[in-house]
Amino acid sequence: AYISCNQDSKKLQEKKILQAIETGAEYLITACPKCITHLNCYLNENRELNNKIKVIDIVSFIGQLLFLV
């Protein structure tokens, strides 16, 4: 699905980021490259949230876990 950076998509990004932060999660994990780009864009525009959660793709997350084990 195509997501442009308009007012509506910014609200969706905000909602997803804030919901993830509320859970206490360290990561918001997705397999969608476009979602990663848009969610990170939102975090970059709202730098006060940058240290509260990281947006990462599932493959990178699993790779990090494998190196920690």
# chains A, B, ... in the order shown; residues from 1 in each chain; ligands from 1
>>> residues_around(residues="His38 in chain A", least_positions_apart="5", cutoff="12 Å", atoms="only C-alpha atoms", output="list in words")
Tyr2, Ile3, Ser4, Cys5, Asn6, Ser9, Lys10, Lys11, Leu12, Gln13, Glu14, Lys16, Ile17, Thr30, Cys32, Pro33, Leu43, Asn44, Glu45, Val55 and Ile56 of chain A
>>> write_last_selection(atoms="C-alpha atoms", output="PDB file, in the first residue's frame")
ATOM      1  CA  TYR A   2       1.165   3.484  -0.811  1.00  0.00           C
ATOM      2  CA  ILE A   3       1.591   5.830   2.136  1.00  0.00           C
ATOM      3  CA  SER A   4       2.429   9.440   1.485  1.00  0.00           C
ATOM      4  CA  CYS A   5       3.641  11.769   4.195  1.00  0.00           C
ATOM      5  CA  ASN A   6       0.492  13.796   4.550  1.00  0.00           C
ATOM      6  CA  SER A   9      -0.343   9.356   7.519  1.00  0.00           C
ATOM      7  CA  LYS A  10       1.482  11.425  10.172  1.00  0.00           C
ATOM      8  CA  LYS A  11      -1.425  10.753  12.567  1.00  0.00           C
ATOM      9  CA  LEU A  12      -1.191   7.009  11.853  1.00  0.00           C
ATOM     10  CA  GLN A  13       2.572   7.056  12.427  1.00  0.00           C
ATOM     11  CA  GLU A  14       2.086   8.938  15.691  1.00  0.00           C
ATOM     12  CA  LYS A  16       1.547   3.434  16.100  1.00  0.00           C
ATOM     13  CA  ILE A  17       4.673   4.859  17.738  1.00  0.00           C
ATOM     14  CA  THR A  30       8.012  -4.745  11.062  1.00  0.00           C
ATOM     15  CA  CYS A  32       7.599  -3.608   5.668  1.00  0.00           C
ATOM     16  CA  PRO A  33      10.436  -1.407   4.336  1.00  0.00           C
ATOM     17  CA  LEU A  43      10.867   9.577  15.094  1.00  0.00           C
ATOM     18  CA  ASN A  44      13.380  11.887  13.420  1.00  0.00           C
ATOM     19  CA  GLU A  45      10.813  14.683  13.407  1.00  0.00           C
ATOM     20  CA  VAL A  55      11.982   0.849  14.628  1.00  0.00           C
ATOM     21  CA  ILE A  56      13.658  -2.187  13.083  1.00  0.00           C
TER      22      ILE A  56
END
>>> select_by_dssp(residues="range 3-63 of chain A", states="helix (DSSP H, G or I)", output="ChimeraX atom specification")
/A:7-22,33-45,47-49,58-63
>>> write_last_selection(atoms="C-alpha atoms", output="JSON list (two decimals), in the first residue's frame")
[["chain", "number", "residue", "atom", "x", "y", "z"],
["A", 7, "GLN", "CA", -1.45, 14.87, 7.65],
["A", 8, "ASP", "CA", -3.40, 11.60, 7.82],
["A", 9, "SER", "CA", -0.34, 9.36, 7.52],
["A", 10, "LYS", "CA", 1.48, 11.43, 10.17],
["A", 11, "LYS", "CA", -1.43, 10.75, 12.57],
["A", 12, "LEU", "CA", -1.19, 7.01, 11.85],
["A", 13, "GLN", "CA", 2.57, 7.06, 12.43],
["A", 14, "GLU", "CA", 2.09, 8.94, 15.69],
["A", 15, "LYS", "CA", -0.59, 6.50, 16.86],
["A", 16, "LYS", "CA", 1.55, 3.43, 16.10],
["A", 17, "ILE", "CA", 4.67, 4.86, 17.74],
["A", 18, "LEU", "CA", 2.84, 6.01, 20.88],
["A", 19, "GLN", "CA", 1.00, 2.68, 21.21],
["A", 20, "ALA", "CA", 4.28, 0.81, 20.97],
["A", 21, "ILE", "CA", 5.93, 3.09, 23.55],
["A", 22, "GLU", "CA", 2.97, 2.59, 25.92],
["A", 33, "PRO", "CA", 10.44, -1.41, 4.34],
["A", 34, "LYS", "CA", 8.04, 1.47, 3.67],
["A", 35, "CYS", "CA", 6.74, 1.34, 7.26],
["A", 36, "ILE", "CA", 10.31, 1.39, 8.58],
["A", 37, "THR", "CA", 11.03, 4.51, 6.52],
["A", 38, "HIS", "CA", 7.87, 6.34, 7.55],
["A", 39, "LEU", "CA", 8.05, 5.40, 11.23],
["A", 40, "ASN", "CA", 11.71, 6.40, 11.43],
["A", 41, "CYS", "CA", 10.83, 9.65, 9.66],
["A", 42, "TYR", "CA", 8.28, 10.33, 12.39],
["A", 43, "LEU", "CA", 10.87, 9.58, 15.09],
["A", 44, "ASN", "CA", 13.38, 11.89, 13.42],
["A", 45, "GLU", "CA", 10.81, 14.68, 13.41],
["A", 47, "ARG", "CA", 13.46, 13.49, 18.50],
["A", 48, "GLU", "CA", 12.22, 13.39, 22.10],
["A", 49, "LEU", "CA", 10.78, 9.94, 21.26],
["A", 58, "ILE", "CA", 12.32, -8.41, 11.60],
["A", 59, "VAL", "CA", 15.38, -9.85, 9.84],
["A", 60, "SER", "CA", 17.75, -7.35, 11.49],
["A", 61, "PHE", "CA", 16.12, -8.00, 14.86],
["A", 62, "ILE", "CA", 16.55, -11.77, 14.55],
["A", 63, "GLY", "CA", 20.14, -11.24, 13.37]]
>>> select_by_dssp(residues="chain A", states="strand (DSSP E)", output="PDB file with N, CA and C atoms, in the first residue's frame")
ATOM      1  N   TYR A  27      11.547  -2.164  21.012  1.00  0.00           N
ATOM      2  CA  TYR A  27      11.552  -2.152  19.547  1.00  0.00           C
ATOM      3  C   TYR A  27      10.139  -2.179  19.001  1.00  0.00           C
ATOM      4  N   LEU A  28       9.937  -1.523  17.866  1.00  0.00           N
ATOM      5  CA  LEU A  28       8.749  -1.686  17.051  1.00  0.00           C
ATOM      6  C   LEU A  28       9.256  -2.424  15.809  1.00  0.00           C
ATOM      7  N   ILE A  29       8.823  -3.670  15.646  1.00  0.00           N
ATOM      8  CA  ILE A  29       9.365  -4.546  14.606  1.00  0.00           C
ATOM      9  C   ILE A  29       8.361  -4.694  13.473  1.00  0.00           C
ATOM     10  N   THR A  30       8.858  -4.584  12.237  1.00  0.00           N
ATOM     11  CA  THR A  30       8.012  -4.745  11.062  1.00  0.00           C
ATOM     12  C   THR A  30       8.814  -5.398   9.938  1.00  0.00           C
ATOM     13  N   LYS A  54      12.893   1.921  19.186  1.00  0.00           N
ATOM     14  CA  LYS A  54      13.627   1.795  17.926  1.00  0.00           C
ATOM     15  C   LYS A  54      12.754   1.046  16.930  1.00  0.00           C
ATOM     16  N   VAL A  55      12.706   1.533  15.704  1.00  0.00           N
ATOM     17  CA  VAL A  55      11.982   0.849  14.628  1.00  0.00           C
ATOM     18  C   VAL A  55      13.006   0.014  13.870  1.00  0.00           C
ATOM     19  N   ILE A  56      12.697  -1.278  13.704  1.00  0.00           N
ATOM     20  CA  ILE A  56      13.658  -2.187  13.083  1.00  0.00           C
ATOM     21  C   ILE A  56      12.910  -3.250  12.278  1.00  0.00           C
ATOM     22  N   ASP A  57      13.554  -3.755  11.244  1.00  0.00           N
ATOM     23  CA  ASP A  57      12.917  -4.833  10.476  1.00  0.00           C
ATOM     24  C   ASP A  57      13.181  -6.171  11.161  1.00  0.00           C
TER      25      ASP A  57
END
>>> decode(residues="range 29-62 of chain A", atoms="N, CA and C atoms", output="compact mmCIF listing (two decimals), in the first residue's frame")
# COMPACT_ATOMS: atom_id res chain seq x y z
N ILE A 29 8.82 -3.67 15.65
CA ILE A 29 9.37 -4.55 14.61
C ILE A 29 8.36 -4.69 13.47
N THR A 30 8.86 -4.58 12.24
CA THR A 30 8.01 -4.75 11.06
C THR A 30 8.81 -5.40 9.94
N ALA A 31 8.09 -5.98 8.99
CA ALA A 31 8.75 -6.55 7.81
C ALA A 31 8.59 -5.63 6.61
N CYS A 32 7.90 -4.51 6.77
CA CYS A 32 7.60 -3.61 5.67
C CYS A 32 8.64 -2.49 5.57
N PRO A 33 9.42 -2.45 4.49
CA PRO A 33 10.44 -1.41 4.34
C PRO A 33 9.85 0.01 4.31
N LYS A 34 8.68 0.16 3.73
CA LYS A 34 8.04 1.47 3.67
C LYS A 34 7.62 1.93 5.08
N CYS A 35 7.12 1.01 5.88
CA CYS A 35 6.74 1.34 7.26
C CYS A 35 7.97 1.76 8.06
N ILE A 36 9.07 1.05 7.88
CA ILE A 36 10.31 1.39 8.58
C ILE A 36 10.70 2.83 8.25
N THR A 37 10.66 3.16 6.97
CA THR A 37 11.03 4.51 6.52
C THR A 37 10.11 5.56 7.13
N HIS A 38 8.82 5.35 7.05
CA HIS A 38 7.87 6.34 7.55
C HIS A 38 7.90 6.46 9.07
N LEU A 39 8.01 5.35 9.78
CA LEU A 39 8.05 5.40 11.23
C LEU A 39 9.34 6.05 11.73
N ASN A 40 10.45 5.75 11.07
CA ASN A 40 11.71 6.40 11.43
C ASN A 40 11.68 7.89 11.10
N CYS A 41 11.01 8.24 10.02
CA CYS A 41 10.83 9.65 9.66
C CYS A 41 10.09 10.36 10.79
N TYR A 42 9.04 9.74 11.29
CA TYR A 42 8.28 10.33 12.39
C TYR A 42 9.17 10.50 13.63
N LEU A 43 9.97 9.48 13.94
CA LEU A 43 10.87 9.58 15.09
C LEU A 43 11.90 10.68 14.91
N ASN A 44 12.40 10.84 13.69
CA ASN A 44 13.38 11.89 13.42
C ASN A 44 12.77 13.28 13.57
N GLU A 45 11.50 13.40 13.26
CA GLU A 45 10.81 14.68 13.41
C GLU A 45 10.41 14.95 14.85
N ASN A 46 10.38 13.91 15.66
CA ASN A 46 9.99 14.00 17.08
C ASN A 46 11.10 13.39 17.92
N ARG A 47 12.23 14.03 17.91
CA ARG A 47 13.46 13.49 18.50
C ARG A 47 13.34 13.12 19.97
N GLU A 48 12.39 13.73 20.68
CA GLU A 48 12.22 13.39 22.10
C GLU A 48 11.76 11.94 22.28
N LEU A 49 11.23 11.34 21.21
CA LEU A 49 10.78 9.94 21.26
C LEU A 49 11.87 8.97 20.80
N ASN A 50 12.92 9.49 20.20
CA ASN A 50 13.98 8.66 19.61
C ASN A 50 14.61 7.69 20.60
N ASN A 51 14.76 8.11 21.86
CA ASN A 51 15.40 7.23 22.84
C ASN A 51 14.40 6.31 23.53
N LYS A 52 13.13 6.40 23.18
CA LYS A 52 12.10 5.58 23.82
C LYS A 52 11.80 4.29 23.07
N ILE A 53 12.04 4.28 21.76
CA ILE A 53 11.75 3.08 20.96
C ILE A 53 12.58 3.11 19.68
N LYS A 54 12.89 1.92 19.19
CA LYS A 54 13.63 1.79 17.93
C LYS A 54 12.75 1.05 16.93
N VAL A 55 12.71 1.53 15.70
CA VAL A 55 11.98 0.85 14.63
C VAL A 55 13.01 0.01 13.87
N ILE A 56 12.70 -1.28 13.70
CA ILE A 56 13.66 -2.19 13.08
C ILE A 56 12.91 -3.25 12.28
N ASP A 57 13.55 -3.76 11.24
CA ASP A 57 12.92 -4.83 10.48
C ASP A 57 13.18 -6.17 11.16
N ILE A 58 12.30 -7.11 10.92
CA ILE A 58 12.32 -8.41 11.60
C ILE A 58 13.62 -9.17 11.36
N VAL A 59 14.15 -9.10 10.15
CA VAL A 59 15.38 -9.85 9.84
C VAL A 59 16.57 -9.29 10.63
N SER A 60 16.67 -7.97 10.70
CA SER A 60 17.75 -7.35 11.49
C SER A 60 17.60 -7.68 12.97
N PHE A 61 16.37 -7.69 13.45
CA PHE A 61 16.12 -8.00 14.86
C PHE A 61 16.55 -9.43 15.18
N ILE A 62 16.16 -10.37 14.33
CA ILE A 62 16.55 -11.77 14.55
C ILE A 62 18.07 -11.91 14.45
